[in-house]
Amino acid sequence: MEVKELNDQEQARRDKLAKYEELGIDPFGQAYKVSHHVKDIRDLCNKKSPKAIERMNLVVSVAGRIKAIRRMGKASFINIQDKTGNIQSYIGIDVVGKKAYDVFRLADIGDIVGVKGRVMTTRTGELTIRAEKYTHLTKCLHPLAEKFHGLTDIEERSRRRYLDLIMNDESRNTAFMRPRIVRSIQHFLDEQGFVEVETSILNPILGGAAARPFVTHHNTLDKDFYLRIATELNLKRLIVGGMERVYEIGRLFRNEGMDANHNPEFTSIEIYQAYTDLKGIGALTEKMIRHAAKEVTGSALVNYQDKVIDFKSPFRWISMNDLIKEKTGIDFKNITSFEEAKALADQHHIKLDKFKNSVGYVMNEFFEELCQDDLIQPTFVYSYPIEVSPLTKKEKDPRFTQRFELFVNGKELANAYTELNDPLDQKERFISQLKAKSLGDDETSEMDTDFVEALEYGMPPTGGVGMGIDRLVMLLTNQSQIREVILFPLMKDK
């Protein structure tokens, strides 16, 4: 392990540890009873005059990190930050006593302290705790980064999230908003009669999505397992079992690249409802997102990266084929040969992987390359080619499936199906996927014979949707990078 040389400020802080001990103070403290958080105090004093605040005789005990110190001999001001905000405290030797003030003289920005006293306002009108008791709790051995210039690099902030949360209000707000968004979704679905479940993360068979997996090994069984790339197949087993309305919020793992919208470990929600279809699950998805936006941000009109995303109005529905026709004039329903489709791809400079040798694959590439980025407002794109939808019920035209993807700001937010419940058709789809895998497509599903057998017992007509929690949090917290909404994203080595 590399030993890092201490700078002058770090050494000075370490030198103070012995001085705390000389005063009978543990530099790394003890438990402390907190009576109020900063937000509680501000709410209690909101819109009250200084005299009214004085009459309240409000005694509080707060704990937090020192973010600023203004020393004035025998009296000083500090700014304390707890999880809910910042508040000023006045510390005078005539009130807290000489010993406590001597302890305070050792304080540095970044130290964690407790202050008990009465709430007042200063001559300038700033809400302040007049300390009656000052308690040192934990020594900070590193100087904090300078607020505006010291910790702005996203790579460094993601690596040292603890320091990012100390220094950046926006990061802290995002960290607290994320669980509020998740709770909002849970409450909405619970009220709709859904049951939240947990399914296995280690899976013996790859399935439920098109993605490269992480592989691990179980020593006792002497067998390789996949970290799940989706929760779909197990949740549909529960529908077969009669649970009717289920959802799971959980981590998924895909052995793929990292960029502004992708992290190999991410959080998804998958929802399955018996006796509904694509339109029904779309209506549920729309209401759920609108509910979360209103509950967490206060409005279904969300400001995102200098755009207003309208979750208030009904979401647009349009087929993939119609979108491509709008953009290029090409009607893929009239194209029956791969050669014709490939020629059109060449004309539009769309490169095809060697195993994408059907009209449906080419059609999907046209959409992703030429249409997707234009979908700023919430849009359900439906009627996907069967080649890219192996678990989805067919439309009347068997080349297409009852599937939608929801796009917002040019990015996929959710993916939904009228679920395939024909076990014979499902088995044939798995066989087709195996053929694609043999041609080099390592993102295809494997044969899951147990799932086929489950379908043979009968799965009711079902609608299902999967949505990226991280991407929804990005939209509702106005973040352009997925690393900003995942507390500890996967990072490259320095």
# chains A, B, ... in the order shown; residues from 1 in each chain; ligands from 1

call {"tool": "select_by_dssp", "arguments": {"residues": "range 369-442 of chain A", "states": "strand (DSSP E or B)", "output": "number ranges by chain"}}
result
A: 379-385, 392, 394, 400-408, 411-419

call {"tool": "residues_around", "arguments": {"residues": "Thr231 in chain A", "least_positions_apart": "2", "cutoff": "7 Å", "atoms": "only C-alpha atoms", "output": "list in words"}}
result
Gly208, Arg228, Leu233, Asn234, Leu235 and Glu270 of chain A

call {"tool": "residues_around", "arguments": {"residues": "Gln273 in chain A", "least_positions_apart": "4", "cutoff": "8 Å", "atoms": "only C-alpha atoms", "output": "PyMOL selection string"}}
result
chain A and resi 239+244-246+281+462-464

call {"tool": "write_last_selection", "arguments": {"atoms": "C-alpha atoms", "output": "PDB file, in the first residue's frame"}}
result
ATOM      1  CA  ILE A 239     -48.110 -15.077 -12.781  1.00  0.00           C
ATOM      2  CA  GLU A 244     -51.763 -11.982 -10.837  1.00  0.00           C
ATOM      3  CA  ARG A 245     -50.088  -8.632 -10.083  1.00  0.00           C
ATOM      4  CA  VAL A 246     -46.403  -8.597  -9.134  1.00  0.00           C
ATOM      5  CA  ILE A 281     -49.814  -1.874 -19.186  1.00  0.00           C
ATOM      6  CA  THR A 462     -50.637 -10.771 -19.274  1.00  0.00           C
ATOM      7  CA  GLY A 463     -49.051  -7.376 -19.802  1.00  0.00           C
ATOM      8  CA  GLY A 464     -45.557  -6.652 -18.525  1.00  0.00           C
TER       9      GLY A 464
END

call {"tool": "atom_distance", "arguments": {"atom1": "CA of Lys287 in chain A", "atom2": "CA of Phe188 in chain A"}}
result
9.0 Å

call {"tool": "residues_around", "arguments": {"residues": "range 392-400 of chain A", "least_positions_apart": "4", "cutoff": "12 Å", "atoms": "only C-alpha atoms", "output": "PyMOL selection string"}}
result
chain A and resi 208-209+232+277-278+319-321+332-336+358-361+363-364+382-388+404+415-423+425-426+429-430+461-465

call {"tool": "atom_distance", "arguments": {"atom1": "CA of Leu434 in chain A", "atom2": "CA of Thr401 in chain A"}}
result
19.6 Å

call {"tool": "closest_residue", "arguments": {"among": "A:Arg212, A:Lys33, A:Lys427, A:Lys294", "to": "Leu252 in chain A", "atoms": "only C-alpha atoms"}}
result
A:Arg212

call {"tool": "residues_around", "arguments": {"residues": "Arg483 in chain A", "least_positions_apart": "5", "cutoff": "9 Å", "atoms": "only C-alpha atoms", "output": "PyMOL selection string"}}
result
chain A and resi 154-155+158+259-263+488-490

call {"tool": "residues_around", "arguments": {"residues": "Leu58 in chain A", "least_positions_apart": "6", "cutoff": "12 Å", "atoms": "only C-alpha atoms", "output": "list in words"}}
result
Ser35, His36, Asp40, Ile41, Arg42, Leu44, Cys45, Ala52, Lys116, Gly117, Arg118, Val119, Met120, Thr121, Leu127, Thr128, Ile129 and Arg130 of chain A

call {"tool": "write_last_selection", "arguments": {"atoms": "N, CA and C atoms", "output": "PDB file, in the first residue's frame"}}
result
ATOM      1  N   SER A  35     -32.019  16.582  19.043  1.00  0.00           N
ATOM      2  CA  SER A  35     -33.445  16.874  19.250  1.00  0.00           C
ATOM      3  C   SER A  35     -34.120  17.368  17.971  1.00  0.00           C
ATOM      4  N   HIS A  36     -33.377  18.090  17.139  1.00  0.00           N
ATOM      5  CA  HIS A  36     -33.938  18.669  15.926  1.00  0.00           C
ATOM      6  C   HIS A  36     -32.921  18.562  14.783  1.00  0.00           C
ATOM      7  N   ASP A  40     -36.158  21.004  10.583  1.00  0.00           N
ATOM      8  CA  ASP A  40     -37.173  21.124  11.629  1.00  0.00           C
ATOM      9  C   ASP A  40     -37.167  22.529  12.227  1.00  0.00           C
ATOM     10  N   ILE A  41     -35.974  23.043  12.506  1.00  0.00           N
ATOM     11  CA  ILE A  41     -35.846  24.368  13.118  1.00  0.00           C
ATOM     12  C   ILE A  41     -36.365  25.441  12.166  1.00  0.00           C
ATOM     13  N   ARG A  42     -35.954  25.332  10.907  1.00  0.00           N
ATOM     14  CA  ARG A  42     -36.391  26.346   9.934  1.00  0.00           C
ATOM     15  C   ARG A  42     -37.907  26.296   9.735  1.00  0.00           C
ATOM     16  N   LEU A  44     -40.141  25.372  11.990  1.00  0.00           N
ATOM     17  CA  LEU A  44     -40.770  25.922  13.190  1.00  0.00           C
ATOM     18  C   LEU A  44     -40.698  27.447  13.222  1.00  0.00           C
ATOM     19  N   CYS A  45     -39.614  28.001  12.650  1.00  0.00           N
ATOM     20  CA  CYS A  45     -39.402  29.453  12.706  1.00  0.00           C
ATOM     21  C   CYS A  45     -39.827  30.169  11.426  1.00  0.00           C
ATOM     22  N   ALA A  52     -40.970  37.028  17.820  1.00  0.00           N
ATOM     23  CA  ALA A  52     -41.782  35.815  17.967  1.00  0.00           C
ATOM     24  C   ALA A  52     -40.887  34.596  18.176  1.00  0.00           C
ATOM     25  N   LYS A 116     -25.937  22.628  21.528  1.00  0.00           N
ATOM     26  CA  LYS A 116     -27.233  22.750  22.175  1.00  0.00           C
ATOM     27  C   LYS A 116     -27.423  24.194  22.615  1.00  0.00           C
ATOM     28  N   GLY A 117     -28.583  24.759  22.317  1.00  0.00           N
ATOM     29  CA  GLY A 117     -28.824  26.140  22.710  1.00  0.00           C
ATOM     30  C   GLY A 117     -30.173  26.638  22.234  1.00  0.00           C
ATOM     31  N   ARG A 118     -30.415  27.950  22.450  1.00  0.00           N
ATOM     32  CA  ARG A 118     -31.683  28.565  22.068  1.00  0.00           C
ATOM     33  C   ARG A 118     -31.573  29.192  20.677  1.00  0.00           C
ATOM     34  N   VAL A 119     -32.680  29.117  19.954  1.00  0.00           N
ATOM     35  CA  VAL A 119     -32.728  29.681  18.607  1.00  0.00           C
ATOM     36  C   VAL A 119     -33.034  31.165  18.695  1.00  0.00           C
ATOM     37  N   MET A 120     -32.285  31.959  17.927  1.00  0.00           N
ATOM     38  CA  MET A 120     -32.477  33.407  17.894  1.00  0.00           C
ATOM     39  C   MET A 120     -32.218  33.875  16.455  1.00  0.00           C
ATOM     40  N   THR A 121     -32.331  35.175  16.253  1.00  0.00           N
ATOM     41  CA  THR A 121     -31.904  35.753  14.984  1.00  0.00           C
ATOM     42  C   THR A 121     -30.875  36.841  15.266  1.00  0.00           C
ATOM     43  N   LEU A 127     -31.112  33.208  11.068  1.00  0.00           N
ATOM     44  CA  LEU A 127     -31.485  32.262  12.110  1.00  0.00           C
ATOM     45  C   LEU A 127     -30.222  31.620  12.690  1.00  0.00           C
ATOM     46  N   THR A 128     -30.117  31.609  14.008  1.00  0.00           N
ATOM     47  CA  THR A 128     -28.867  31.213  14.671  1.00  0.00           C
ATOM     48  C   THR A 128     -29.174  30.468  15.964  1.00  0.00           C
ATOM     49  N   ILE A 129     -28.360  29.481  16.276  1.00  0.00           N
ATOM     50  CA  ILE A 129     -28.435  28.811  17.576  1.00  0.00           C
ATOM     51  C   ILE A 129     -27.402  29.462  18.499  1.00  0.00           C
ATOM     52  N   ARG A 130     -27.862  30.008  19.598  1.00  0.00           N
ATOM     53  CA  ARG A 130     -26.946  30.588  20.588  1.00  0.00           C
ATOM     54  C   ARG A 130     -26.505  29.443  21.506  1.00  0.00           C
TER      55      ARG A 130
END
